[in-house]
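K.L.:
Structure file data.pdb (PDB, C-alpha atoms and all ligand atoms) is given on the next line.
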```pdb
ATOM      1  CA  MET A 138     -52.783  67.380 -79.057
ATOM      2  CA  ARG A 139     -56.028  65.399 -79.441
ATOM      3  CA  SER A 140     -57.532  65.224 -82.903
ATOM      4  CA  HIS A 141     -59.561  68.405 -83.299
ATOM      5  CA  MET A 142     -61.101  67.473 -86.643
ATOM      6  CA  SER A 143     -62.858  64.389 -85.422
ATOM      7  CA  SER A 144     -63.532  62.547 -82.195
ATOM      8  CA  LYS A 145     -63.042  59.213 -83.976
ATOM      9  CA  GLU A 146     -60.026  57.088 -83.146
ATOM     10  CA  THR A 147     -57.187  57.832 -85.598
ATOM     11  CA  VAL A 148     -55.092  54.871 -86.709
ATOM     12  CA  LEU A 149     -51.795  55.308 -88.577
ATOM     13  CA  ILE A 150     -50.731  52.206 -90.509
ATOM     14  CA  THR A 151     -47.352  52.081 -92.257
ATOM     15  CA  GLY A 152     -47.015  49.606 -95.106
ATOM     16  CA  ALA A 153     -50.767  49.743 -95.717
ATOM     17  CA  SER A 154     -50.460  49.263 -99.484
ATOM     18  CA  SER A 155     -50.325  45.456 -99.309
ATOM     19  CA  GLY A 156     -50.220  42.312 -97.183
ATOM     20  CA  ILE A 157     -50.693  42.466 -93.414
ATOM     21  CA  GLY A 158     -50.955  46.277 -93.326
ATOM     22  CA  LEU A 159     -53.727  46.309 -95.916
ATOM     23  CA  GLU A 160     -55.714  43.660 -94.020
ATOM     24  CA  LEU A 161     -55.244  45.547 -90.743
ATOM     25  CA  ALA A 162     -56.594  48.671 -92.459
ATOM     26  CA  LYS A 163     -59.784  46.770 -93.361
ATOM     27  CA  LEU A 164     -60.261  45.618 -89.750
ATOM     28  CA  PHE A 165     -59.778  49.060 -88.221
ATOM     29  CA  ALA A 166     -62.005  50.644 -90.894
ATOM     30  CA  ALA A 167     -64.701  48.107 -89.954
ATOM     31  CA  ASP A 168     -64.430  49.438 -86.361
ATOM     32  CA  GLY A 169     -65.232  52.917 -87.706
ATOM     33  CA  SER A 170     -61.723  54.282 -87.107
ATOM     34  CA  GLN A 171     -60.295  57.114 -89.157
ATOM     35  CA  LEU A 172     -57.241  55.840 -91.026
ATOM     36  CA  ILE A 173     -53.948  57.292 -92.155
ATOM     37  CA  LEU A 174     -52.497  54.974 -94.780
ATOM     38  CA  ALA A 175     -48.761  55.284 -95.436
ATOM     39  CA  ALA A 176     -46.381  53.509 -97.855
ATOM     40  CA  ARG A 177     -44.563  54.379-101.098
ATOM     41  CA  SER A 178     -47.255  53.186-103.554
ATOM     42  CA  ALA A 179     -49.592  56.185-103.718
ATOM     43  CA  ASP A 180     -51.904  54.573-106.290
ATOM     44  CA  LYS A 181     -52.470  51.415-104.222
ATOM     45  CA  LEU A 182     -53.111  53.474-101.082
ATOM     46  CA  GLN A 183     -55.578  55.701-102.913
ATOM     47  CA  GLN A 184     -57.477  52.688-104.244
ATOM     48  CA  LEU A 185     -57.615  51.153-100.755
ATOM     49  CA  ALA A 186     -58.790  54.438 -99.200
ATOM     50  CA  GLU A 187     -61.627  54.721-101.724
ATOM     51  CA  GLU A 188     -62.633  51.084-101.121
ATOM     52  CA  LEU A 189     -62.641  51.504 -97.331
ATOM     53  CA  ASN A 190     -64.503  54.796 -97.451
ATOM     54  CA  ALA A 191     -67.162  53.271 -99.710
ATOM     55  CA  THR A 192     -67.523  50.058 -97.670
ATOM     56  CA  HIS A 193     -67.318  51.408 -94.132
ATOM     57  CA  GLY A 194     -68.139  55.097 -94.534
ATOM     58  CA  THR A 195     -64.902  55.971 -92.758
ATOM     59  CA  GLN A 196     -62.395  58.652 -93.621
ATOM     60  CA  SER A 197     -59.024  57.425 -94.884
ATOM     61  CA  HIS A 198     -56.127  59.764 -95.559
ATOM     62  CA  VAL A 199     -53.342  58.727 -97.914
ATOM     63  CA  ILE A 200     -49.766  59.826 -97.256
ATOM     64  CA  PRO A 201     -47.158  58.456 -99.674
ATOM     65  CA  VAL A 202     -43.768  58.208 -97.976
ATOM     66  CA  ASP A 203     -40.472  56.369 -98.324
ATOM     67  CA  LEU A 204     -39.556  55.271 -94.797
ATOM     68  CA  ALA A 205     -36.070  54.182 -95.891
ATOM     69  CA  LYS A 206     -35.195  57.870 -96.312
ATOM     70  CA  PRO A 207     -33.967  59.627 -93.150
ATOM     71  CA  GLU A 208     -36.513  62.435 -93.688
ATOM     72  CA  GLY A 209     -39.414  59.967 -94.291
ATOM     73  CA  PRO A 210     -40.857  59.586 -90.758
ATOM     74  CA  GLY A 211     -40.566  63.323 -90.012
ATOM     75  CA  ALA A 212     -42.273  64.249 -93.307
ATOM     76  CA  LEU A 213     -45.081  61.760 -92.543
ATOM     77  CA  MET A 214     -45.697  63.250 -89.087
ATOM     78  CA  GLU A 215     -45.624  66.817 -90.465
ATOM     79  CA  GLN A 216     -48.423  65.917 -92.892
ATOM     80  CA  ILE A 217     -50.430  64.332 -90.077
ATOM     81  CA  ASP A 218     -50.004  67.527 -87.998
ATOM     82  CA  ALA A 219     -51.118  69.575 -91.007
ATOM     83  CA  LEU A 220     -54.323  67.505 -91.146
ATOM     84  CA  GLY A 221     -54.890  68.423 -87.485
ATOM     85  CA  LEU A 222     -54.849  64.811 -86.379
ATOM     86  CA  ALA A 223     -53.371  63.078 -83.351
ATOM     87  CA  VAL A 224     -52.487  59.403 -83.684
ATOM     88  CA  ASP A 225     -54.378  57.169 -81.223
ATOM     89  CA  VAL A 226     -53.112  53.880 -82.659
ATOM     90  CA  LEU A 227     -49.752  53.552 -84.424
ATOM     91  CA  ILE A 228     -49.140  50.388 -86.414
ATOM     92  CA  ASN A 229     -45.474  50.078 -87.386
ATOM     93  CA  ASN A 230     -45.995  47.450 -90.048
ATOM     94  CA  ALA A 231     -43.829  48.531 -93.021
ATOM     95  CA  GLY A 232     -40.866  46.238 -93.409
ATOM     96  CA  PHE A 233     -38.977  43.890 -95.670
ATOM     97  CA  GLY A 234     -36.124  41.414 -95.717
ATOM     98  CA  GLN A 235     -33.672  39.711 -98.049
ATOM     99  CA  TYR A 236     -32.637  36.068 -98.213
ATOM    100  CA  GLY A 237     -29.004  35.401 -99.148
ATOM    101  CA  HIS A 238     -25.442  35.461 -97.888
ATOM    102  CA  PHE A 239     -24.771  38.762 -96.138
ATOM    103  CA  ALA A 240     -21.722  39.480 -98.306
ATOM    104  CA  ASN A 241     -23.716  38.957-101.515
ATOM    105  CA  ILE A 242     -26.615  41.287-100.708
ATOM    106  CA  PRO A 243     -25.917  44.883-101.800
ATOM    107  CA  MET A 244     -25.078  47.082 -98.815
ATOM    108  CA  GLN A 245     -27.676  49.667 -99.803
ATOM    109  CA  ARG A 246     -30.473  47.073 -99.497
ATOM    110  CA  GLN A 247     -29.207  45.904 -96.101
ATOM    111  CA  LEU A 248     -29.126  49.469 -94.799
ATOM    112  CA  GLU A 249     -32.637  50.114 -96.127
ATOM    113  CA  ILE A 250     -33.873  47.033 -94.230
ATOM    114  CA  LEU A 251     -32.428  48.578 -91.047
ATOM    115  CA  ASP A 252     -33.874  52.004 -91.878
ATOM    116  CA  VAL A 253     -37.435  50.781 -92.524
ATOM    117  CA  ASN A 254     -37.662  47.920 -89.996
ATOM    118  CA  ASN A 255     -35.918  49.720 -87.115
ATOM    119  CA  ARG A 256     -34.991  53.370 -87.636
ATOM    120  CA  ALA A 257     -38.361  54.560 -88.956
ATOM    121  CA  LEU A 258     -40.200  52.435 -86.363
ATOM    122  CA  VAL A 259     -38.269  54.016 -83.495
ATOM    123  CA  GLU A 260     -38.681  57.551 -84.855
ATOM    124  CA  LEU A 261     -42.446  57.214 -85.456
ATOM    125  CA  THR A 262     -42.882  55.671 -82.015
ATOM    126  CA  HIS A 263     -41.010  58.523 -80.359
ATOM    127  CA  ARG A 264     -42.943  61.158 -82.304
ATOM    128  CA  VAL A 265     -46.394  59.783 -81.358
ATOM    129  CA  LEU A 266     -45.614  58.588 -77.837
ATOM    130  CA  THR A 267     -45.306  62.040 -76.237
ATOM    131  CA  GLY A 268     -48.875  62.918 -77.199
ATOM    132  CA  MET A 269     -50.177  59.510 -76.110
ATOM    133  CA  LEU A 270     -48.550  59.875 -72.684
ATOM    134  CA  GLU A 271     -50.005  63.364 -72.291
ATOM    135  CA  ARG A 272     -53.474  61.986 -73.090
ATOM    136  CA  ARG A 273     -52.737  58.850 -71.019
ATOM    137  CA  SER A 274     -54.165  56.833 -73.876
ATOM    138  CA  GLY A 275     -52.869  55.085 -76.978
ATOM    139  CA  SER A 276     -51.736  51.862 -78.610
ATOM    140  CA  ILE A 277     -48.674  50.975 -80.627
ATOM    141  CA  LEU A 278     -48.441  47.726 -82.579
ATOM    142  CA  ASN A 279     -44.996  46.791 -83.874
ATOM    143  CA  LEU A 280     -44.443  44.060 -86.453
ATOM    144  CA  GLY A 281     -41.900  41.595 -85.152
ATOM    145  CA  SER A 282     -41.729  38.063 -86.502
ATOM    146  CA  THR A 283     -40.920  34.537 -85.405
ATOM    147  CA  ALA A 284     -37.522  35.724 -86.697
ATOM    148  CA  SER A 285     -37.388  37.851 -83.516
ATOM    149  CA  PHE A 286     -36.603  34.796 -81.373
ATOM    150  CA  GLN A 287     -33.343  33.480 -82.870
ATOM    151  CA  PRO A 288     -30.587  34.430 -85.323
ATOM    152  CA  GLY A 289     -31.245  33.681 -89.009
ATOM    153  CA  PRO A 290     -28.266  32.564 -91.061
ATOM    154  CA  ASN A 291     -28.703  33.624 -94.707
ATOM    155  CA  SER A 292     -31.067  36.415 -93.670
ATOM    156  CA  ALA A 293     -28.874  37.740 -90.874
ATOM    157  CA  VAL A 294     -29.810  41.418 -91.124
ATOM    158  CA  TYR A 295     -33.561  40.788 -91.361
ATOM    159  CA  TYR A 296     -33.568  38.477 -88.319
ATOM    160  CA  ALA A 297     -31.467  40.961 -86.343
ATOM    161  CA  THR A 298     -33.918  43.782 -87.165
ATOM    162  CA  LYS A 299     -36.828  41.682 -85.928
ATOM    163  CA  ALA A 300     -34.959  40.753 -82.705
ATOM    164  CA  PHE A 301     -34.561  44.509 -82.191
ATOM    165  CA  VAL A 302     -38.291  45.103 -82.744
ATOM    166  CA  LEU A 303     -39.290  42.544 -80.093
ATOM    167  CA  SER A 304     -36.709  43.724 -77.566
ATOM    168  CA  PHE A 305     -37.600  47.401 -78.105
ATOM    169  CA  SER A 306     -41.351  46.704 -77.951
ATOM    170  CA  GLU A 307     -41.201  44.733 -74.700
ATOM    171  CA  GLY A 308     -38.914  47.292 -73.061
ATOM    172  CA  LEU A 309     -41.300  50.072 -74.036
ATOM    173  CA  TRP A 310     -44.341  48.004 -73.011
ATOM    174  CA  ALA A 311     -42.933  47.883 -69.478
ATOM    175  CA  GLU A 312     -42.078  51.614 -69.454
ATOM    176  CA  THR A 313     -45.518  52.759 -70.585
ATOM    177  CA  ARG A 314     -48.010  50.177 -69.358
ATOM    178  CA  LYS A 315     -48.948  52.119 -66.239
ATOM    179  CA  GLN A 316     -49.326  55.362 -68.181
ATOM    180  CA  GLY A 317     -52.335  54.425 -70.309
ATOM    181  CA  VAL A 318     -50.328  53.336 -73.353
ATOM    182  CA  CYS A 319     -50.007  49.768 -74.586
ATOM    183  CA  VAL A 320     -47.120  48.687 -76.822
ATOM    184  CA  SER A 321     -47.781  45.329 -78.473
ATOM    185  CA  CYS A 322     -45.570  43.174 -80.648
ATOM    186  CA  LEU A 323     -47.096  40.934 -83.316
ATOM    187  CA  CYS A 324     -44.747  38.100 -84.280
ATOM    188  CA  PRO A 325     -46.110  36.190 -87.278
ATOM    189  CA  GLY A 326     -44.363  33.282 -88.933
ATOM    190  CA  PRO A 327     -44.342  32.953 -92.724
ATOM    191  CA  THR A 328     -47.471  34.629 -94.090
ATOM    192  CA  ARG A 329     -48.797  34.547 -97.644
ATOM    193  CA  THR A 330     -48.142  38.154 -98.785
ATOM    194  CA  GLY A 331     -45.772  39.761-101.288
ATOM    195  CA  PHE A 332     -43.039  39.549 -98.622
ATOM    196  CA  GLY A 333     -41.918  35.992 -99.542
ATOM    197  CA  ALA A 334     -41.253  36.794-103.210
ATOM    198  CA  ASP A 335     -39.802  40.245-102.507
ATOM    199  CA  SER A 336     -37.298  38.859 -99.966
ATOM    200  CA  ASP A 337     -36.719  35.556-101.880
ATOM    201  CA  MET A 338     -37.571  33.797 -98.593
ATOM    202  CA  ASP A 339     -40.384  31.898-100.304
ATOM    203  CA  GLN A 340     -37.628  29.569-101.597
ATOM    204  CA  THR A 341     -36.822  28.373 -98.053
ATOM    205  CA  PRO A 342     -38.287  25.261 -96.349
ATOM    206  CA  VAL A 343     -39.423  27.541 -93.503
ATOM    207  CA  PHE A 344     -41.820  29.265 -95.938
ATOM    208  CA  LYS A 345     -42.820  26.257 -98.018
ATOM    209  CA  TYR A 346     -44.083  24.077 -95.166
ATOM    210  CA  ASN A 347     -45.643  26.525 -92.746
ATOM    211  CA  SER A 348     -47.342  29.660 -93.957
ATOM    212  CA  MET A 349     -50.480  31.394 -92.730
ATOM    213  CA  ARG A 350     -53.313  33.303 -94.372
ATOM    214  CA  VAL A 351     -52.745  37.029 -94.191
ATOM    215  CA  GLU A 352     -56.312  37.626 -92.962
ATOM    216  CA  ASP A 353     -55.693  35.450 -89.885
ATOM    217  CA  VAL A 354     -52.424  37.214 -89.078
ATOM    218  CA  ALA A 355     -54.081  40.629 -89.354
ATOM    219  CA  LYS A 356     -56.922  39.500 -87.079
ATOM    220  CA  ALA A 357     -54.347  38.519 -84.452
ATOM    221  CA  GLY A 358     -52.761  41.978 -84.730
ATOM    222  CA  HIS A 359     -56.107  43.732 -84.451
ATOM    223  CA  ARG A 360     -56.957  41.620 -81.385
ATOM    224  CA  ALA A 361     -53.549  42.451 -79.840
ATOM    225  CA  VAL A 362     -54.440  46.163 -79.999
ATOM    226  CA  ARG A 363     -57.992  45.764 -78.767
ATOM    227  CA  LYS A 364     -57.071  43.387 -75.905
ATOM    228  CA  ARG A 365     -53.904  45.358 -75.090
ATOM    229  CA  LYS A 366     -51.575  42.368 -75.363
ATOM    230  CA  ARG A 367     -47.798  42.603 -74.921
ATOM    231  CA  LEU A 368     -46.943  39.834 -77.395
ATOM    232  CA  VAL A 369     -48.967  37.876 -79.929
ATOM    233  CA  ILE A 370     -47.650  34.972 -82.013
ATOM    234  CA  PRO A 371     -50.373  33.894 -84.461
ATOM    235  CA  GLY A 372     -50.750  30.147 -85.117
ATOM    236  CA  TRP A 373     -49.926  27.332 -82.708
ATOM    237  CA  VAL A 374     -47.051  25.992 -84.856
ATOM    238  CA  ASN A 375     -45.415  29.434 -84.802
ATOM    239  CA  TRP A 376     -46.050  29.695 -81.064
ATOM    240  CA  LEU A 377     -44.373  26.320 -80.467
ATOM    241  CA  LEU A 378     -41.450  27.217 -82.733
ATOM    242  CA  ALA A 379     -40.938  30.579 -81.014
ATOM    243  CA  PHE A 380     -40.954  29.121 -77.510
ATOM    244  CA  GLY A 381     -39.065  26.007 -78.677
ATOM    245  CA  THR A 382     -36.066  28.234 -79.390
ATOM    246  CA  ARG A 383     -35.516  28.481 -75.619
ATOM    247  CA  LEU A 384     -34.839  24.761 -75.208
ATOM    248  CA  PRO A 385     -31.780  23.850 -77.312
ATOM    249  CA  HIS A 386     -28.306  25.268 -76.792
ATOM    250  CA  ARG A 387     -28.089  28.526 -78.807
ATOM    251  CA  ARG A 388     -25.423  26.995 -81.056
ATOM    252  CA  HIS A 389     -27.742  24.087 -81.864
ATOM    253  CA  MET A 390     -30.559  26.531 -82.577
ATOM    254  CA  ILE A 391     -28.369  28.317 -85.115
ATOM    255  CA  TRP A 392     -27.594  24.928 -86.741
ATOM    256  CA  ILE A 393     -31.343  24.183 -86.989
ATOM    257  CA  MET A 394     -31.898  27.579 -88.631
ATOM    258  CA  GLU A 395     -29.112  26.814 -91.121
ATOM    259  CA  GLN A 396     -31.066  23.713 -92.184
ATOM    260  CA  LEU A 397     -34.296  25.692 -92.464
ATOM    261  CA  GLN A 398     -32.603  28.536 -94.349
ATOM    262  CA  PRO A 399     -29.751  26.901 -96.318
ATOM    263  CA  PRO A 400     -27.439  29.071 -98.444
ATOM    264  CA  LYS A 401     -29.342  30.620-101.318
ATOM    265  CA  LYS A 402     -28.780  28.606-104.518
ATOM    266  CA  THR A 403     -28.013  31.612-106.710
ATOM    267  CA  SER A 404     -25.753  33.391-104.197
TER     268      SER A 404
HETATM  269  N1  LIG B 501     -45.129  37.871 -94.726
HETATM  270  C1  LIG B 501     -44.401  37.272 -93.800
HETATM  271  O1  LIG B 501     -44.070  36.088 -93.923
HETATM  272  C2  LIG B 501     -44.021  38.015 -92.546
HETATM  273  C3  LIG B 501     -43.669  37.268 -91.413
HETATM  274  C4  LIG B 501     -43.308  37.933 -90.253
HETATM  275  C5  LIG B 501     -43.293  39.303 -90.227
HETATM  276  N2  LIG B 501     -43.619  40.014 -91.342
HETATM  277  C6  LIG B 501     -43.558  41.477 -91.275
HETATM  278  O2  LIG B 501     -44.829  42.002 -91.564
HETATM  279  C7  LIG B 501     -44.699  43.322 -92.071
HETATM  280  C8  LIG B 501     -45.565  43.472 -93.307
HETATM  281  O3  LIG B 501     -45.094  42.618 -94.314
HETATM  282  P1  LIG B 501     -46.050  41.868 -95.344
HETATM  283  O4  LIG B 501     -45.866  40.430 -95.155
HETATM  284  O5  LIG B 501     -47.396  42.432 -95.301
HETATM  285  O6  LIG B 501     -45.288  42.227 -96.713
HETATM  286  P2  LIG B 501     -45.722  43.094 -97.959
HETATM  287  O7  LIG B 501     -47.020  42.652 -98.500
HETATM  288  O8  LIG B 501     -44.510  43.078 -98.856
HETATM  289  O9  LIG B 501     -45.917  44.559 -97.349
HETATM  290  C9  LIG B 501     -44.845  45.362 -96.961
HETATM  291  C10 LIG B 501     -45.346  46.783 -96.812
HETATM  292  O10 LIG B 501     -44.249  47.607 -96.395
HETATM  293  C11 LIG B 501     -44.204  48.756 -97.238
HETATM  294  N3  LIG B 501     -42.846  49.246 -97.396
HETATM  295  C12 LIG B 501     -41.750  48.561 -97.791
HETATM  296  N4  LIG B 501     -40.705  49.384 -97.913
HETATM  297  C13 LIG B 501     -41.146  50.632 -97.587
HETATM  298  C14 LIG B 501     -40.543  51.905 -97.550
HETATM  299  N5  LIG B 501     -39.264  52.095 -97.909
HETATM  300  N6  LIG B 501     -41.294  52.959 -97.157
HETATM  301  C15 LIG B 501     -42.592  52.804 -96.829
HETATM  302  N7  LIG B 501     -43.237  51.617 -96.864
HETATM  303  C16 LIG B 501     -42.505  50.549 -97.252
HETATM  304  C17 LIG B 501     -44.764  48.273 -98.582
HETATM  305  O11 LIG B 501     -45.343  49.346 -99.314
HETATM  306  P3  LIG B 501     -44.705  50.043-100.622
HETATM  307  O12 LIG B 501     -43.969  49.000-101.395
HETATM  308  O13 LIG B 501     -45.909  50.605-101.294
HETATM  309  O14 LIG B 501     -43.815  51.099-100.064
HETATM  310  C18 LIG B 501     -45.883  47.334 -98.116
HETATM  311  O15 LIG B 501     -47.065  48.054 -97.888
HETATM  312  C19 LIG B 501     -43.197  43.529 -92.306
HETATM  313  O16 LIG B 501     -42.661  44.274 -91.229
HETATM  314  C20 LIG B 501     -42.639  42.125 -92.294
HETATM  315  O17 LIG B 501     -41.288  42.077 -91.892
HETATM  316  C21 LIG B 501     -43.995  39.396 -92.491
END
```
Write the structure described by the file as structure tokens, please.
P.N.:
Amino acid sequence: MRSHMSSKETVLITGASSGIGLELAKLFAADGSQLILAARSADKLQQLAEELNATHGTQSHVIPVDLAKPEGPGALMEQIDALGLAVDVLINNAGFGQYGHFANIPMQRQLEILDVNNRALVELTHRVLTGMLERRSGSILNLGSTASFQPGPNSAVYYATKAFVLSFSEGLWAETRKQGVCVSCLCPGPTRTGFGADSDMDQTPVFKYNSMRVEDVAKAGHRAVRKRKRLVIPGWVNWLLAFGTRLPHRRHMIWIMEQLQPPKKTS
């Protein structure tokens, strides 16, 4: 079903309340797109929607949702249907991680990382893809990470979720690329958002010595959608690190990651 309320492109961004998602919202609003902003923080989303509507004269809809809950993605899509909108661009950006020894991180948090980073992403993709294929048009941008390219001791679940995102995105890119749909994967390295403090990863050398401005990362994601790229790794250091993982023996790569992410001091 094509949007019957407006002929403008409709962009759904999860995790739009802060960081990379918020900056992506600004870029798509500047293009004149109609936005659907989703995350848990209703107040932050509402403030952003008002700002974007005032600055760009676009229409932004706010849908508060907890994507860690099994019913979250379905409830989000039901509200989008009720607005009479079809999603032209899906940005699966919501996500989080946790630094620390696997055994010391509460199981509930680990499962929520899987639910938000992978389960919700797959469900939202499936729910919007049918319509995109029918219209032979659409873009999906999934947030991977440089963590997608190798295992991450002391953040094992987070790294595994991001490996899943890259593998899933590239598989789907191949399945859909001749049917008018482009699935892109954006793989940033450390980026200066709330993510570092929330996940405690800002304590690691990997974060301290190489982090990018969130605006630059969002621009790379926006470009990935507009240029219909399969994979984008913002920043040449991140690009070298990601492709450098192919050179050493996998066991040596894991050792390098142990040095970059040593056991958490408090765990
Ligand atoms: N920053 C980095 O260094 C970095 C590097 C590589 C990849 N990434 C990836 O980039 C994406 C965005 O992260 P960021 O750096 O922009 O971090 P951020 O500023 O912490 O933003 C995370 C976003 O995800 C939303 N979110 C978290 N849990 C949610 C839930 N249960 N339901 C719905 N929304 C939820 C948050 O909104 P609410 O709290 O309002 O729900 C927030 O809008 C993530 O997928 C992350 O893994 C980040």
K.L.:
For the file shown, report as a PyMOL selection string the outcome of the PyMOL selection byres (((not hetatm)) within 7 of (chain B and resi 501)) at residue level.
P.N.:
chain A and resi 151-158+175-178+202-205+230-234+253-254+280-283+324-333+335
K.L.:
Can you pull out the residues contacting His198 (chain A)? Cut-off 10 Å, using all atoms listed in the file, and skip same-chain residues under 3 positions away; I want them as a ChimeraX atom specification.
P.N.:
/A:149,171-175,182-183,186-187,190,195,201,217,220
K.L.:
Expand the PyMOL selection byres (((chain A and resi 246) around 12) and not hetatm) into the explicit residue set it covers here, and present it as JSON, numbers by chain.
P.N.:
{"A": [205, 233, 234, 235, 236, 237, 239, 240, 241, 242, 243, 244, 245, 247, 248, 249, 250, 251, 252, 253, 254, 294, 295, 335, 336]}
K.L.:
In Å, how far is it from CA of Ala167 (chain A) to CA of Thr147 (chain A)?
P.N.:
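Between these atoms lies a distance of 13.0 Å.
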K.L.:
For Ser170 (chain A), work out the shell of residues within 9 Å, counting all atoms listed in the file and skipping chain neighbours fewer than 4 positions away, then give it as a PyMOL selection string.
P.N.:
chain A and resi 145-148+165-166+195-197
K.L.:
Write a file of the selected residues as a PDB file, in the coordinates of the input, keeping C-alpha atoms.
P.N.:
```pdb
ATOM      1  CA  LYS A 145     -63.042  59.213 -83.976  1.00  0.00           C
ATOM      2  CA  GLU A 146     -60.026  57.088 -83.146  1.00  0.00           C
ATOM      3  CA  THR A 147     -57.187  57.832 -85.598  1.00  0.00           C
ATOM      4  CA  VAL A 148     -55.092  54.871 -86.709  1.00  0.00           C
ATOM      5  CA  PHE A 165     -59.778  49.060 -88.221  1.00  0.00           C
ATOM      6  CA  ALA A 166     -62.005  50.644 -90.894  1.00  0.00           C
ATOM      7  CA  THR A 195     -64.902  55.971 -92.758  1.00  0.00           C
ATOM      8  CA  GLN A 196     -62.395  58.652 -93.621  1.00  0.00           C
ATOM      9  CA  SER A 197     -59.024  57.425 -94.884  1.00  0.00           C
TER      10      SER A 197
END
```
K.L.:
Restricting the calculation to all atoms listed in the file, which member of A:Met349, A:Ala334, A:Ala361, A:Leu266 is positioned closest to Val318 (chain A)?
P.N.:
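Among A:Met349, A:Ala334, A:Ala361, A:Leu266, it is A:Leu266 that comes nearest to Val318 (chain A).
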K.L.:
Counting all atoms listed in the file, what is within 6 Å of Val226 (chain A), bar same-chain residues fewer than 4 positions away, as a PDB file with C-alpha atoms, keeping the file's coordinate frame?
P.N.:
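In the end it all went to around_17.pdb:
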```pdb
ATOM      1  CA  VAL A 148     -55.092  54.871 -86.709  1.00  0.00           C
ATOM      2  CA  GLY A 275     -52.869  55.085 -76.978  1.00  0.00           C
ATOM      3  CA  SER A 276     -51.736  51.862 -78.610  1.00  0.00           C
ATOM      4  CA  ILE A 277     -48.674  50.975 -80.627  1.00  0.00           C
TER       5      ILE A 277
END
```
K.L.:
Model the absent atoms of region 280-296 of chain A so that N, CA and C atoms are present, and write the result as a PDB file, keeping the file's coordinate frame.
P.N.:
```pdb
ATOM      1  N   LEU A 280     -44.539  45.350 -85.772  1.00  0.00           N
ATOM      2  CA  LEU A 280     -44.443  44.060 -86.453  1.00  0.00           C
ATOM      3  C   LEU A 280     -43.078  43.442 -86.216  1.00  0.00           C
ATOM      4  N   GLY A 281     -43.069  42.443 -85.308  1.00  0.00           N
ATOM      5  CA  GLY A 281     -41.900  41.595 -85.152  1.00  0.00           C
ATOM      6  C   GLY A 281     -42.078  40.420 -86.103  1.00  0.00           C
ATOM      7  N   SER A 282     -41.663  39.255 -85.648  1.00  0.00           N
ATOM      8  CA  SER A 282     -41.729  38.063 -86.502  1.00  0.00           C
ATOM      9  C   SER A 282     -41.298  36.889 -85.629  1.00  0.00           C
ATOM     10  N   THR A 283     -41.546  35.657 -86.109  1.00  0.00           N
ATOM     11  CA  THR A 283     -40.920  34.537 -85.405  1.00  0.00           C
ATOM     12  C   THR A 283     -39.396  34.637 -85.575  1.00  0.00           C
ATOM     13  N   ALA A 284     -38.954  35.447 -86.543  1.00  0.00           N
ATOM     14  CA  ALA A 284     -37.522  35.724 -86.697  1.00  0.00           C
ATOM     15  C   ALA A 284     -36.960  36.512 -85.509  1.00  0.00           C
ATOM     16  N   SER A 285     -37.850  37.055 -84.671  1.00  0.00           N
ATOM     17  CA  SER A 285     -37.388  37.851 -83.516  1.00  0.00           C
ATOM     18  C   SER A 285     -36.734  36.980 -82.444  1.00  0.00           C
ATOM     19  N   PHE A 286     -36.967  35.652 -82.514  1.00  0.00           N
ATOM     20  CA  PHE A 286     -36.603  34.796 -81.373  1.00  0.00           C
ATOM     21  C   PHE A 286     -35.257  34.090 -81.501  1.00  0.00           C
ATOM     22  N   GLN A 287     -34.642  34.137 -82.694  1.00  0.00           N
ATOM     23  CA  GLN A 287     -33.343  33.480 -82.870  1.00  0.00           C
ATOM     24  C   GLN A 287     -32.641  34.069 -84.076  1.00  0.00           C
ATOM     25  N   PRO A 288     -31.299  33.898 -84.152  1.00  0.00           N
ATOM     26  CA  PRO A 288     -30.587  34.430 -85.323  1.00  0.00           C
ATOM     27  C   PRO A 288     -30.993  33.676 -86.591  1.00  0.00           C
ATOM     28  N   GLY A 289     -30.859  34.310 -87.742  1.00  0.00           N
ATOM     29  CA  GLY A 289     -31.245  33.681 -89.009  1.00  0.00           C
ATOM     30  C   GLY A 289     -30.121  33.695 -90.021  1.00  0.00           C
ATOM     31  N   PRO A 290     -29.307  32.618 -90.034  1.00  0.00           N
ATOM     32  CA  PRO A 290     -28.266  32.564 -91.061  1.00  0.00           C
ATOM     33  C   PRO A 290     -28.893  32.690 -92.439  1.00  0.00           C
ATOM     34  N   ASN A 291     -28.237  33.379 -93.330  1.00  0.00           N
ATOM     35  CA  ASN A 291     -28.703  33.624 -94.707  1.00  0.00           C
ATOM     36  C   ASN A 291     -29.877  34.602 -94.788  1.00  0.00           C
ATOM     37  N   SER A 292     -30.193  35.229 -93.684  1.00  0.00           N
ATOM     38  CA  SER A 292     -31.067  36.415 -93.670  1.00  0.00           C
ATOM     39  C   SER A 292     -30.689  37.188 -92.412  1.00  0.00           C
ATOM     40  N   ALA A 293     -29.374  37.294 -92.182  1.00  0.00           N
ATOM     41  CA  ALA A 293     -28.874  37.740 -90.874  1.00  0.00           C
ATOM     42  C   ALA A 293     -29.377  39.128 -90.494  1.00  0.00           C
ATOM     43  N   VAL A 294     -29.397  40.052 -91.458  1.00  0.00           N
ATOM     44  CA  VAL A 294     -29.810  41.418 -91.124  1.00  0.00           C
ATOM     45  C   VAL A 294     -31.297  41.445 -90.794  1.00  0.00           C
ATOM     46  N   TYR A 295     -32.111  40.771 -91.608  1.00  0.00           N
ATOM     47  CA  TYR A 295     -33.561  40.788 -91.361  1.00  0.00           C
ATOM     48  C   TYR A 295     -33.871  40.233 -89.967  1.00  0.00           C
ATOM     49  N   TYR A 296     -33.291  39.082 -89.631  1.00  0.00           N
ATOM     50  CA  TYR A 296     -33.568  38.477 -88.319  1.00  0.00           C
ATOM     51  C   TYR A 296     -33.122  39.408 -87.191  1.00  0.00           C
TER      52      TYR A 296
END
```
